[in-house]
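Structure data (mmCIF, C-alpha atoms and all ligand atoms) from data-v3.cif:
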data_work
#
loop_
_atom_site.label_atom_id
_atom_site.label_comp_id
_atom_site.auth_asym_id
_atom_site.auth_seq_id
_atom_site.Cartn_x
_atom_site.Cartn_y
_atom_site.Cartn_z
CA MET G 1 0.00 0.00 0.00
CA SER G 2 1.48 3.33 -0.94
CA LEU G 3 0.28 6.86 -1.51
CA VAL G 4 2.34 9.22 -3.63
CA VAL G 5 2.09 13.00 -3.90
CA LEU G 6 3.54 14.75 -6.94
CA ALA G 7 5.53 17.72 -5.63
CA LEU G 8 5.58 20.13 -8.56
CA LYS G 9 7.64 23.28 -8.19
CA LYS G 10 7.12 26.99 -8.69
CA ARG G 11 9.22 28.97 -11.12
CA ASN G 12 11.72 29.79 -8.35
CA ASN G 13 12.32 26.04 -7.88
CA GLU G 14 10.41 25.91 -4.57
CA THR G 15 7.93 23.07 -4.00
CA GLU G 16 4.33 24.23 -4.38
CA ASN G 17 2.63 24.44 -0.98
CA VAL G 18 -0.26 22.32 -2.21
CA ALA G 19 2.07 19.29 -2.23
CA LEU G 20 2.79 19.87 1.47
CA GLU G 21 -0.94 20.33 2.11
CA LEU G 22 -1.65 17.01 0.38
CA VAL G 23 0.99 15.23 2.47
CA SER G 24 -0.49 16.83 5.62
CA LYS G 25 -3.97 15.59 4.70
CA ALA G 26 -2.69 12.13 3.72
CA LYS G 27 -1.05 11.78 7.16
CA LYS G 28 -4.54 12.10 8.67
CA PHE G 29 -6.29 9.34 6.73
CA TYR G 30 -3.58 7.03 5.37
CA ASN G 31 -1.56 4.54 7.43
CA GLY G 32 0.62 3.12 4.65
CA GLU G 33 3.77 4.62 3.16
CA ILE G 34 3.44 8.23 2.01
CA SER G 35 5.97 9.31 -0.61
CA ALA G 36 6.59 12.34 -2.76
CA ILE G 37 7.92 12.61 -6.29
CA LEU G 38 10.21 15.56 -6.93
CA LEU G 39 11.35 16.28 -10.49
CA ALA G 40 14.68 18.03 -10.94
CA ALA G 41 17.50 18.82 -13.34
CA GLU G 42 20.65 16.68 -12.89
CA ASN G 43 22.63 19.38 -11.07
CA SER G 44 19.79 21.14 -9.26
CA ASP G 45 20.08 21.70 -5.50
CA GLU G 46 16.91 20.13 -4.08
CA SER G 47 17.94 20.27 -0.41
CA LYS G 48 15.34 22.91 0.54
CA ASN G 49 12.53 21.05 -1.20
CA ILE G 50 13.60 17.77 0.40
CA GLU G 51 13.67 19.51 3.79
CA LYS G 52 10.12 20.87 3.33
CA LEU G 53 8.73 17.51 2.24
CA SER G 54 10.50 15.80 5.15
CA GLN G 55 9.00 18.27 7.60
CA ALA G 56 5.56 17.68 6.07
CA GLY G 57 6.01 14.02 7.11
CA VAL G 58 6.68 11.91 3.99
CA ASN G 59 8.27 8.49 4.53
CA LYS G 60 10.11 8.54 1.23
CA ILE G 61 11.11 11.02 -1.49
CA TYR G 62 11.80 9.95 -5.04
CA VAL G 63 13.98 12.52 -6.79
CA ILE G 64 13.53 12.03 -10.52
CA LYS G 65 16.49 13.48 -12.38
CA ASN G 66 17.09 14.49 -15.96
CA THR G 67 18.63 17.60 -17.53
CA LYS G 68 15.35 18.20 -19.37
CA LEU G 69 13.47 18.65 -16.09
CA ASP G 70 15.02 22.03 -15.16
CA ARG G 71 11.68 23.82 -15.52
CA TYR G 72 8.09 22.73 -16.07
CA SER G 73 7.45 21.28 -19.50
CA THR G 74 4.26 19.35 -20.22
CA LEU G 75 5.81 16.61 -22.31
CA TYR G 76 9.05 16.04 -20.41
CA TYR G 77 7.28 16.10 -17.05
CA LYS G 78 4.52 13.80 -18.24
CA GLU G 79 7.00 11.22 -19.54
CA ALA G 80 9.27 11.52 -16.50
CA VAL G 81 6.33 10.93 -14.14
CA LEU G 82 4.99 8.04 -16.19
CA ARG G 83 8.40 6.37 -16.38
CA SER G 84 9.00 6.76 -12.64
CA LEU G 85 5.51 5.48 -11.79
CA GLU G 86 6.40 2.19 -13.53
CA LYS G 87 8.93 1.69 -10.76
CA ILE G 88 7.04 3.30 -7.85
CA ASN G 89 3.65 1.75 -8.70
CA PRO G 90 1.48 3.64 -6.12
CA ASP G 91 -2.06 2.70 -5.08
CA ILE G 92 -3.02 6.36 -4.71
CA PHE G 93 -1.53 9.28 -6.67
CA LEU G 94 -2.37 12.87 -5.65
CA ILE G 95 -1.57 16.05 -7.56
CA GLY G 96 -2.20 19.72 -6.70
CA ALA G 97 -4.76 21.38 -8.99
CA THR G 98 -2.42 24.25 -9.87
CA VAL G 99 -1.99 25.45 -13.44
CA ASN G 100 0.73 22.88 -14.10
CA GLY G 101 -0.98 20.17 -12.04
CA ARG G 102 -4.18 20.59 -14.03
CA ASP G 103 -2.15 20.35 -17.23
CA LEU G 104 -0.34 17.20 -16.16
CA ALA G 105 -2.86 15.13 -14.18
CA PRO G 106 -5.31 14.31 -17.00
CA ARG G 107 -2.47 13.48 -19.39
CA ILE G 108 -0.97 11.05 -16.89
CA ALA G 109 -4.37 9.53 -16.06
CA SER G 110 -5.14 9.10 -19.72
CA ALA G 111 -1.78 7.50 -20.49
CA LEU G 112 -2.29 5.07 -17.59
CA GLY G 113 -5.92 4.39 -18.50
CA ALA G 114 -6.77 5.48 -14.93
CA GLY G 115 -9.71 7.50 -13.63
CA LEU G 116 -9.09 10.97 -12.19
CA THR G 117 -11.26 12.82 -9.68
CA ALA G 118 -10.44 16.47 -10.22
CA ASP G 119 -10.73 19.46 -7.86
CA CYS G 120 -11.56 17.46 -4.74
CA THR G 121 -12.52 19.22 -1.54
CA ASP G 122 -12.01 16.21 0.73
CA LEU G 123 -10.11 12.92 0.71
CA GLY G 124 -10.44 9.85 2.89
CA LEU G 125 -10.54 6.06 2.78
CA THR G 126 -13.47 3.66 2.58
CA GLU G 127 -13.66 0.71 4.99
CA GLU G 128 -12.07 -1.38 2.22
CA GLY G 129 -9.15 1.03 2.06
CA LYS G 130 -10.10 2.63 -1.26
CA LEU G 131 -9.57 6.33 -1.87
CA ALA G 132 -12.83 8.25 -1.28
CA ALA G 133 -12.44 11.51 -3.19
CA THR G 134 -15.15 14.10 -2.58
CA ARG G 135 -15.93 17.03 -4.87
CA PRO G 136 -18.85 19.35 -5.60
CA THR G 137 -21.04 18.34 -8.52
CA PHE G 138 -24.14 19.64 -10.37
CA GLY G 139 -22.84 23.21 -10.19
CA GLY G 140 -22.01 22.85 -6.50
CA SER G 141 -25.45 21.79 -5.33
CA LEU G 142 -24.35 18.25 -4.37
CA MET G 143 -21.16 16.75 -2.97
CA ALA G 144 -20.16 13.47 -4.66
CA THR G 145 -17.75 10.96 -3.16
CA ILE G 146 -16.07 9.12 -6.00
CA LEU G 147 -14.26 5.76 -5.88
CA SER G 148 -11.96 4.66 -8.63
CA ARG G 149 -12.00 1.20 -10.22
CA THR G 150 -8.53 1.70 -11.68
CA THR G 151 -5.05 1.94 -10.16
CA PRO G 152 -3.43 4.26 -9.30
CA GLN G 153 -6.47 5.98 -7.80
CA MET G 154 -5.84 9.56 -8.89
CA ALA G 155 -7.17 12.85 -7.57
CA THR G 156 -6.32 16.53 -7.81
CA VAL G 157 -6.99 19.04 -5.02
CA ARG G 158 -6.96 22.81 -5.23
CA PRO G 159 -4.38 24.74 -3.19
CA LYS G 160 -5.41 25.78 0.34
CA VAL G 161 -8.25 23.31 0.69
CA PHE G 162 -6.23 21.40 3.34
CA LYS G 163 -4.20 22.92 6.13
CA MET G 164 -0.49 22.27 6.41
CA ASN G 165 0.62 20.30 9.50
CA GLU G 166 3.12 21.77 11.94
CA PRO G 167 6.61 20.88 10.65
CA ASN G 168 8.06 17.63 11.99
CA TYR G 169 11.79 18.36 12.31
CA GLU G 170 12.52 14.79 13.51
CA ASN G 171 11.24 13.09 10.35
CA LYS G 172 14.02 11.55 8.23
CA PRO G 173 12.57 10.13 5.01
CA GLU G 174 14.41 7.74 2.73
CA ILE G 175 15.63 9.49 -0.41
CA GLU G 176 15.85 7.57 -3.68
CA GLU G 177 17.22 9.13 -6.85
CA ILE G 178 15.85 7.78 -10.10
CA SER G 179 17.43 8.78 -13.39
CA VAL G 180 14.94 8.69 -16.23
CA ASN G 181 15.93 8.58 -19.85
CA LEU G 182 14.05 11.19 -21.90
CA ASP G 183 16.26 11.06 -25.02
CA ASP G 184 13.34 9.90 -27.14
CA VAL G 185 11.04 12.74 -25.98
CA THR G 186 10.91 16.08 -27.76
CA ASP G 187 9.20 19.13 -26.34
CA ASN G 188 7.26 21.00 -29.00
CA ILE G 189 6.84 24.11 -26.84
CA GLU G 190 9.35 26.95 -26.87
CA GLU G 191 9.30 29.62 -24.16
CA LEU G 192 9.76 33.00 -25.86
CA ASN G 193 9.43 35.32 -22.87
CA PHE G 194 8.52 35.31 -19.21
CA VAL G 195 6.52 38.18 -17.71
CA PRO G 196 6.29 38.04 -13.90
CA LYS G 197 2.96 38.73 -12.26
CA THR G 198 2.31 42.15 -10.77
CA PHE G 199 0.18 42.74 -7.66
CA GLU G 200 -2.72 43.53 -9.98
CA ASP G 201 -2.42 40.11 -11.60
CA THR G 202 -2.12 38.22 -8.31
CA PRO G 203 -5.06 35.87 -8.07
CA ILE G 204 -7.23 36.32 -4.97
CA ASP G 205 -6.26 32.90 -3.64
CA GLU G 206 -2.66 34.11 -3.23
CA ALA G 207 -3.57 37.35 -1.43
CA GLU G 208 -2.72 37.98 2.22
CA ILE G 209 -5.52 40.51 2.67
CA ILE G 210 -8.91 40.29 0.94
CA VAL G 211 -11.69 42.85 1.05
CA ALA G 212 -14.81 41.23 -0.40
CA ALA G 213 -18.02 42.90 -1.51
CA GLY G 214 -21.44 41.27 -1.43
CA ARG G 215 -24.95 42.23 -2.48
CA GLY G 216 -24.97 44.83 0.30
CA ALA G 217 -22.34 46.70 -1.74
CA LYS G 218 -23.97 46.30 -5.16
CA GLU G 219 -24.58 50.02 -5.77
CA PRO G 220 -21.75 51.50 -7.90
CA GLU G 221 -20.75 54.07 -5.25
CA THR G 222 -20.64 51.38 -2.52
CA VAL G 223 -18.61 48.98 -4.62
CA GLU G 224 -16.16 51.83 -5.35
CA LEU G 225 -15.82 52.41 -1.60
CA VAL G 226 -15.00 48.73 -1.03
CA LYS G 227 -12.38 48.82 -3.82
CA LYS G 228 -10.88 52.02 -2.43
CA PHE G 229 -10.67 50.51 1.02
CA ALA G 230 -8.99 47.39 -0.39
CA ASP G 231 -6.40 49.61 -2.15
CA LYS G 232 -5.83 51.64 0.97
CA ILE G 233 -4.91 48.60 3.09
CA GLY G 234 -3.02 46.75 0.32
CA GLY G 235 -5.72 44.10 -0.06
CA LYS G 236 -7.17 42.34 -3.07
CA PHE G 237 -10.77 43.04 -4.02
CA ALA G 238 -13.06 40.01 -4.23
CA VAL G 239 -16.82 39.41 -4.41
CA SER G 240 -19.57 37.02 -3.36
CA ARG G 241 -21.49 35.16 -6.05
CA SER G 242 -24.34 37.71 -5.88
CA LEU G 243 -22.24 40.33 -7.63
CA VAL G 244 -21.13 37.81 -10.26
CA ASP G 245 -24.74 36.74 -10.84
CA LEU G 246 -25.69 40.41 -11.24
CA GLY G 247 -23.12 40.56 -14.06
CA LEU G 248 -20.98 43.13 -12.25
CA PHE G 249 -17.81 41.01 -11.93
CA LYS G 250 -16.26 37.88 -13.37
CA ASN G 251 -16.11 34.57 -11.54
CA ASP G 252 -12.29 34.71 -11.18
CA ILE G 253 -12.66 37.01 -8.15
CA GLN G 254 -15.60 35.13 -6.62
CA VAL G 255 -15.04 33.52 -3.22
CA GLY G 256 -16.90 30.35 -2.33
CA GLN G 257 -17.84 26.85 -3.24
CA THR G 258 -18.22 27.63 -6.93
CA GLY G 259 -15.53 30.31 -6.85
CA LYS G 260 -12.07 30.37 -5.24
CA THR G 261 -11.05 28.93 -1.89
CA VAL G 262 -9.03 31.59 -0.07
CA THR G 263 -7.06 31.64 3.17
CA PRO G 264 -5.73 35.19 3.54
CA LYS G 265 -4.38 36.45 6.85
CA ILE G 266 -7.24 38.97 6.93
CA TYR G 267 -10.65 38.60 5.24
CA ILE G 268 -13.01 41.57 5.38
CA ALA G 269 -16.57 40.79 4.26
CA CYS G 270 -18.51 43.92 3.26
CA GLY G 271 -22.25 43.45 2.88
CA ILE G 272 -22.01 39.64 2.68
CA SER G 273 -24.66 37.69 4.60
CA GLY G 274 -22.56 34.54 5.16
CA ALA G 275 -24.34 31.84 3.13
CA ILE G 276 -22.85 28.38 3.57
CA GLN G 277 -21.56 28.34 -0.02
CA HIS G 278 -19.66 31.57 0.60
CA ILE G 279 -18.30 30.47 3.99
CA GLU G 280 -17.01 27.26 2.37
CA GLY G 281 -14.52 29.35 0.39
CA MET G 282 -13.14 31.58 3.19
CA LYS G 283 -13.70 29.88 6.55
CA ASN G 284 -10.00 29.06 6.97
CA SER G 285 -8.91 32.71 6.71
CA GLY G 286 -6.78 34.02 9.58
CA THR G 287 -8.82 36.91 10.96
CA ILE G 288 -12.35 37.42 9.64
CA ILE G 289 -13.93 40.85 9.89
CA ALA G 290 -17.53 41.50 8.81
CA ILE G 291 -19.30 44.77 8.11
CA ASN G 292 -23.05 44.33 7.78
CA ASN G 293 -26.12 46.39 8.68
CA ASP G 294 -27.99 43.31 9.95
CA LYS G 295 -26.75 42.35 13.41
CA ASP G 296 -28.21 38.84 12.92
CA ALA G 297 -26.39 38.16 9.63
CA PRO G 298 -24.84 34.63 9.78
CA ILE G 299 -21.43 36.01 8.80
CA PHE G 300 -21.07 37.37 12.35
CA LYS G 301 -21.13 33.79 13.68
CA ILE G 302 -17.76 33.06 12.07
CA ALA G 303 -16.31 36.59 12.23
CA ASP G 304 -13.57 37.42 14.75
CA PHE G 305 -14.61 41.08 14.63
CA GLY G 306 -17.86 42.59 13.45
CA ILE G 307 -19.09 46.08 12.68
CA VAL G 308 -22.88 46.50 12.52
CA GLY G 309 -23.75 49.41 10.28
CA ASP G 310 -24.09 50.86 6.80
CA LEU G 311 -21.08 50.37 4.51
CA ASN G 312 -21.67 53.82 3.01
CA LYS G 313 -21.07 55.39 6.42
CA ILE G 314 -18.38 53.08 7.79
CA LEU G 315 -16.08 52.69 4.77
CA PRO G 316 -15.49 56.45 4.17
CA LYS G 317 -14.36 56.72 7.80
CA LEU G 318 -11.97 53.78 7.43
CA ILE G 319 -10.62 55.16 4.14
CA GLU G 320 -9.99 58.59 5.68
CA ARG G 321 -8.10 57.15 8.65
CA GLU G 322 -4.33 57.57 8.52
C1 LIG I 401 -24.92 25.64 -5.82
C2 LIG I 401 -24.61 26.99 -5.26
C3 LIG I 401 -23.30 27.45 -5.25
C4 LIG I 401 -23.01 28.72 -4.73
N1 LIG I 401 -21.73 29.18 -4.73
C5 LIG I 401 -21.45 30.35 -4.16
C6 LIG I 401 -20.11 30.83 -4.09
O1 LIG I 401 -19.16 30.22 -4.58
N2 LIG I 401 -19.89 32.02 -3.50
C7 LIG I 401 -20.90 32.77 -2.93
O2 LIG I 401 -20.62 33.86 -2.41
N3 LIG I 401 -22.17 32.35 -3.02
C8 LIG I 401 -22.47 31.18 -3.62
N4 LIG I 401 -23.76 30.78 -3.71
C9 LIG I 401 -24.83 31.75 -3.36
C10 LIG I 401 -25.11 31.80 -1.88
O3 LIG I 401 -26.06 30.82 -1.53
C11 LIG I 401 -25.66 33.17 -1.50
O4 LIG I 401 -26.83 33.42 -2.27
C12 LIG I 401 -24.69 34.32 -1.74
O5 LIG I 401 -23.44 34.01 -1.14
C13 LIG I 401 -25.24 35.59 -1.11
O6 LIG I 401 -24.39 36.64 -1.42
P1 LIG I 401 -24.33 37.90 -0.51
O7 LIG I 401 -23.98 37.53 0.88
O8 LIG I 401 -23.46 38.87 -1.21
O9 LIG I 401 -25.82 38.47 -0.63
P2 LIG I 401 -27.00 38.47 0.42
O10 LIG I 401 -27.22 37.12 0.99
O11 LIG I 401 -28.14 39.15 -0.25
O12 LIG I 401 -26.46 39.38 1.61
C14 LIG I 401 -26.26 40.75 1.51
C15 LIG I 401 -25.92 41.25 2.91
O13 LIG I 401 -25.59 42.62 2.83
C16 LIG I 401 -26.15 43.29 3.94
N5 LIG I 401 -26.31 44.70 3.55
C17 LIG I 401 -27.21 45.22 2.67
N6 LIG I 401 -27.01 46.55 2.52
C18 LIG I 401 -25.96 46.87 3.34
C19 LIG I 401 -25.29 48.09 3.63
N7 LIG I 401 -25.62 49.23 3.04
N8 LIG I 401 -24.30 48.06 4.52
C20 LIG I 401 -23.93 46.89 5.14
N9 LIG I 401 -24.52 45.71 4.89
C21 LIG I 401 -25.53 45.70 3.99
C22 LIG I 401 -27.45 42.56 4.23
O14 LIG I 401 -27.81 42.70 5.58
C23 LIG I 401 -27.07 41.12 3.88
O15 LIG I 401 -26.61 40.42 5.05
C24 LIG I 401 -24.08 29.53 -4.21
C25 LIG I 401 -25.39 29.04 -4.21
C26 LIG I 401 -25.66 27.79 -4.72
C27 LIG I 401 -27.06 27.28 -4.70
#

Before we go any further, please render this structure as structure tokens.
Amino acid sequence: MSLVVLALKKRNNETENVALELVSKAKKFYNGEISAILLAAENSDESKNIEKLSQAGVNKIYVIKNTKLDRYSTLYYKEAVLRSLEKINPDIFLIGATVNGRDLAPRIASALGAGLTADCTDLGLTEEGKLAATRPTFGGSLMATILSRTTPQMATVRPKVFKMNEPNYENKPEIEEISVNLDDVTDNIEELNFVPKTFEDTPIDEAEIIVAAGRGAKEPETVELVKKFADKIGGKFAVSRSLVDLGLFKNDIQVGQTGKTVTPKIYIACGISGAIQHIEGMKNSGTIIAINNDKDAPIFKIADFGIVGDLNKILPKLIERE
């Protein structure tokens, strides 16, 4: 019995946090061996990534090496993973649903003839020890727990759905280097230029402070106040589904079950009632602050701090404050 997490890396060669989150979750439901696959160029220094995965609690790390693996490439990575899986042969294979993870997971599943449960919000085991992968379905109105008939049982999970465990500094996993031969693989993609993201482009699920507007801020002057306040405190502007449904904003800044899952240090909900589908996407935020004119709004039940009052009166005062 073995569970393997694919530890893809960011552009700066650091392991994506979602891999550590997946290991943390796996430690809670899986008693067998938990391993990670790390892909790296021949001469790349992977000590920091190995340290992070060790502290997350893996029992074993497979470092897959080849000069062609210096940065993410769909075809080289796909082949390298497939060729290493022949040796590792896991029962369960988990991948973060990041941009690269979403690119890779279906290609690997398809090449293996395996099923893939994408964008899961929970993972566990059945009594028979099968992976039980839960995800919203029918537009988010039902949660489906899906079992796979094929092996490896594959699932992807969005970043920040699971919390990272406290680091275990005592853990000393076994490290195995595997050299894969990719001489017969050609990448048909050429990178012409790389433009780093600016703060403006940062997606809301990477923000440390979020100021979110709901239906209570739907009037143009109120929404402007919320945006201004977000700018003032260096936060990202986000919305509840109401404002998306009204056609005012696109879904990429929507928080909730059918939007993004966010865990900023500070989440400020402006004119958001606190429907379960909204809470699902922000309940793990650090400090939650709610501004709402209804003292009985459900959002106050999960808020650390609450201000009862009209946004049009409160926000100008907060914006004016030095
Ligand atoms: C399948 C499904 C999936 C869904 N997915 C999502 C999702 O991903 N994200 C999401 O957000 N919702 C989602 N929803 C919708 C969700 O159920 C709620 O309808 C929605 O979250 C309500 O948005 P809201 O809080 O902005 O609006 P409302 O519930 O209308 O709340 C507005 C709040 O603003 C307050 N208010 C009004 N005027 C002011 C003022 N001047 N000053 C201060 N406060 C004021 C009111 O008291 C009220 O509490 C989903 C629903 C379904 C069925």

Wanna dump the region 50-169 of chain G-region 243-265 of chain G contacts at 12 Å for me, each residue with its shortest atom pair and the distance in Å to one decimal, counting only C-alpha atoms, ordered by chain and number, as JSON lines?
{"residue": "G:Asp119", "atom": "CA", "partner": "G:Thr258", "partner_atom": "CA", "distance": 11.1}
{"residue": "G:Cys120", "atom": "CA", "partner": "G:Gln257", "partner_atom": "CA", "distance": 11.4}
{"residue": "G:Thr121", "atom": "CA", "partner": "G:Gln257", "partner_atom": "CA", "distance": 9.5}
{"residue": "G:Arg135", "atom": "CA", "partner": "G:Gln257", "partner_atom": "CA", "distance": 10.1}
{"residue": "G:Pro136", "atom": "CA", "partner": "G:Gln257", "partner_atom": "CA", "distance": 7.9}
{"residue": "G:Thr137", "atom": "CA", "partner": "G:Thr258", "partner_atom": "CA", "distance": 9.8}
{"residue": "G:Phe138", "atom": "CA", "partner": "G:Thr258", "partner_atom": "CA", "distance": 10.5}
{"residue": "G:Gly139", "atom": "CA", "partner": "G:Thr258", "partner_atom": "CA", "distance": 7.2}
{"residue": "G:Gly140", "atom": "CA", "partner": "G:Thr258", "partner_atom": "CA", "distance": 6.1}
{"residue": "G:Ser141", "atom": "CA", "partner": "G:Gln257", "partner_atom": "CA", "distance": 9.4}
{"residue": "G:Leu142", "atom": "CA", "partner": "G:Gln257", "partner_atom": "CA", "distance": 10.8}
{"residue": "G:Met143", "atom": "CA", "partner": "G:Gln257", "partner_atom": "CA", "distance": 10.6}
{"residue": "G:Val157", "atom": "CA", "partner": "G:Thr261", "partner_atom": "CA", "distance": 11.1}
{"residue": "G:Arg158", "atom": "CA", "partner": "G:Thr261", "partner_atom": "CA", "distance": 8.1}
{"residue": "G:Pro159", "atom": "CA", "partner": "G:Thr261", "partner_atom": "CA", "distance": 8.0}
{"residue": "G:Lys160", "atom": "CA", "partner": "G:Thr263", "partner_atom": "CA", "distance": 6.7}
{"residue": "G:Val161", "atom": "CA", "partner": "G:Thr261", "partner_atom": "CA", "distance": 6.8}
{"residue": "G:Phe162", "atom": "CA", "partner": "G:Thr263", "partner_atom": "CA", "distance": 10.3}
{"residue": "G:Lys163", "atom": "CA", "partner": "G:Thr263", "partner_atom": "CA", "distance": 9.6}
{"residue": "G:Met164", "atom": "CA", "partner": "G:Thr263", "partner_atom": "CA", "distance": 11.9}

Which residues of chain G come within 6 Å of ligand LIG 401 (chain I), and what is each one's closest atom pair and distance in Å (one decimal), counting only C-alpha atoms and all ligand atoms, sorted by chain and residue number, as a tab-separated table?
residue	atom	partner	partner_atom	distance
G:Gly139	CA	I:LIG401	C1	5.4
G:Gly140	CA	I:LIG401	C1	4.1
G:Ser141	CA	I:LIG401	C1	3.9
G:Gly214	CA	I:LIG401	O8	3.1
G:Arg215	CA	I:LIG401	O8	3.9
G:Gly216	CA	I:LIG401	C17	3.3
G:Ser240	CA	I:LIG401	O2	3.5
G:Arg241	CA	I:LIG401	O2	4.0
G:Ser242	CA	I:LIG401	O6	4.6
G:Val255	CA	I:LIG401	N2	5.1
G:Gly256	CA	I:LIG401	O1	3.2
G:Gln257	CA	I:LIG401	O1	3.9
G:Thr258	CA	I:LIG401	O1	3.6
G:Gly259	CA	I:LIG401	O1	4.3
G:Gly271	CA	I:LIG401	O13	3.4
G:Ile272	CA	I:LIG401	O7	3.4
G:Ser273	CA	I:LIG401	O15	3.4
G:Gly274	CA	I:LIG401	O7	5.4
G:Ala275	CA	I:LIG401	O5	4.9
G:Gln277	CA	I:LIG401	C5	4.6
G:His278	CA	I:LIG401	O2	3.9
G:Ile291	CA	I:LIG401	C20	5.9
G:Asn292	CA	I:LIG401	N9	3.5
G:Asn293	CA	I:LIG401	N9	4.2
G:Asp294	CA	I:LIG401	O14	4.4
G:Ala297	CA	I:LIG401	O15	5.1
G:Gly309	CA	I:LIG401	C20	5.7
G:Asp310	CA	I:LIG401	N8	3.6
G:Leu311	CA	I:LIG401	N8	4.0

Checklist entry - Using all atoms listed in the file, which residues sit within 9 Å of Ile266 (chain G) once same-chain residues fewer than 2 positions away are excluded, as an MDAnalysis selection string? => result chainID G and resid 208:211 235 263:264 268 285:289

Next on the checklist: I'd like the contact shell of Leu39 (chain G) - 8 Å cut-off, all atoms listed in the file, skipping same-chain residues fewer than 3 positions apart - returned as a list of chain:residue names.
Outcome noted: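 Listed by chain and then number, they are G:Ala7, G:Leu8, G:Val63, G:Ile64, G:Lys65, G:Leu69, G:Tyr77, G:Ala80.
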
Checklist entry - Can you tell me how far CA of Glu320 (chain G) sits from CA of Glu219 (chain G), in Å to one decimal? => result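 According to the coordinates, CA of Glu320 (chain G) and CA of Glu219 (chain G) are separated by 20.4 Å.
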
Next on the checklist: I'd like the contact shell of Asn171 (chain G) - 9 Å cut-off, all atoms listed in the file, skipping same-chain residues fewer than 4 positions apart - returned as a list in words.
Outcome noted: Ser54, Gln55, Ala56, Gly57, Val58 and Asn59 of chain G

Preceding selection exported with C-alpha atoms as a CSV table (one decimal), in the coordinates of the input:
chain,number,residue,atom,x,y,z
G,54,SER,CA,10.5,15.8,5.2
G,55,GLN,CA,9.0,18.3,7.6
G,56,ALA,CA,5.6,17.7,6.1
G,57,GLY,CA,6.0,14.0,7.1
G,58,VAL,CA,6.7,11.9,4.0
G,59,ASN,CA,8.3,8.5,4.5

Next on the checklist: Using all atoms listed in the file, list the residues that have an atom at most 7 Å from (-18.1, 11.4, -1.2), coordinates as in the file, as number ranges by chain.
Outcome noted: G: 132-134, 143-146

Saved selection, atoms kept: C-alpha atoms, as a PDB file, keeping the file's coordinate frame:
ATOM      1  CA  ALA G 132     -12.830   8.250  -1.280  1.00  0.00           C
ATOM      2  CA  ALA G 133     -12.440  11.510  -3.190  1.00  0.00           C
ATOM      3  CA  THR G 134     -15.150  14.100  -2.580  1.00  0.00           C
ATOM      4  CA  MET G 143     -21.160  16.750  -2.970  1.00  0.00           C
ATOM      5  CA  ALA G 144     -20.160  13.470  -4.660  1.00  0.00           C
ATOM      6  CA  THR G 145     -17.750  10.960  -3.160  1.00  0.00           C
ATOM      7  CA  ILE G 146     -16.070   9.120  -6.000  1.00  0.00           C
TER       8      ILE G 146
END

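For the pair CA of Ala238 (chain G) and CA of Ile204 (chain G), the interatomic distance is 6.9 Å.
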
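Comparing the minimum interatomic distances between Val23 (chain G) and each of G:Asp70, G:Asp45, G:Glu191, G:Glu166, counting all atoms listed in the file, we find that G:Glu166 sits nearest.
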
Item to check | Separation of CA of Leu6 (chain G) from CA of Arg102 (chain G) in Å | outcome: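 Result for CA of Arg102 (chain G) versus CA of Leu6 (chain G): 12.0 Å, one decimal.
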
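Among the candidates G:Leu315, G:Leu192, G:Ile37, G:Leu20, the one nearest to Lys60 (chain G) when counting all atoms listed in the file is G:Ile37.
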
Next on the checklist: Given the point (-0.9, 24.1, -13.3) in the coordinates of this file, which residues lie within 12 Å, counting all atoms listed in the file, and how would they look as a PyMOL selection string?
Outcome noted: chain G and resi 7-11+16+18+72-74+95-106+156-159

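With only C-alpha atoms as the atoms that count, the residue of G:Lys87, G:Lys197, G:Lys218, G:Lys130 with the shortest distance to Glu177 (chain G) is G:Lys87.
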
Item to check | Exercise: region 225-234 of chain G partners within 8 Å, only C-alpha atoms, chain neighbours under 3 positions left out, as a ChimeraX atom specification | outcome: /G:209-213,217,221-222,237,270,312,315-316,318-319

Checklist entry - Of the candidates G:Lys48, G:Lys25, G:Lys68, G:Lys317, which shows the shortest atom-to-atom distance to Asp184 (chain G), using all atoms listed in the file? => result G:Lys68

I'd like the box whose edges run along x, y and z of the file and which contains every listed atom of region 187-190 of chain G, padded by 3 Å per side; could you state its centre and edge lengths in Å, one decimal, as JSON?
{"center_x": 8.1, "center_y": 23.0, "center_z": -27.7, "size_x": 8.5, "size_y": 13.8, "size_z": 8.7}

Item to check | Selection: 8 Å around Gly115 (chain G), all atoms listed in the file, excl. self and same-chain fewer than 6 positions, as a PyMOL selection string | outcome: chain G and resi 109+148-150+153-154
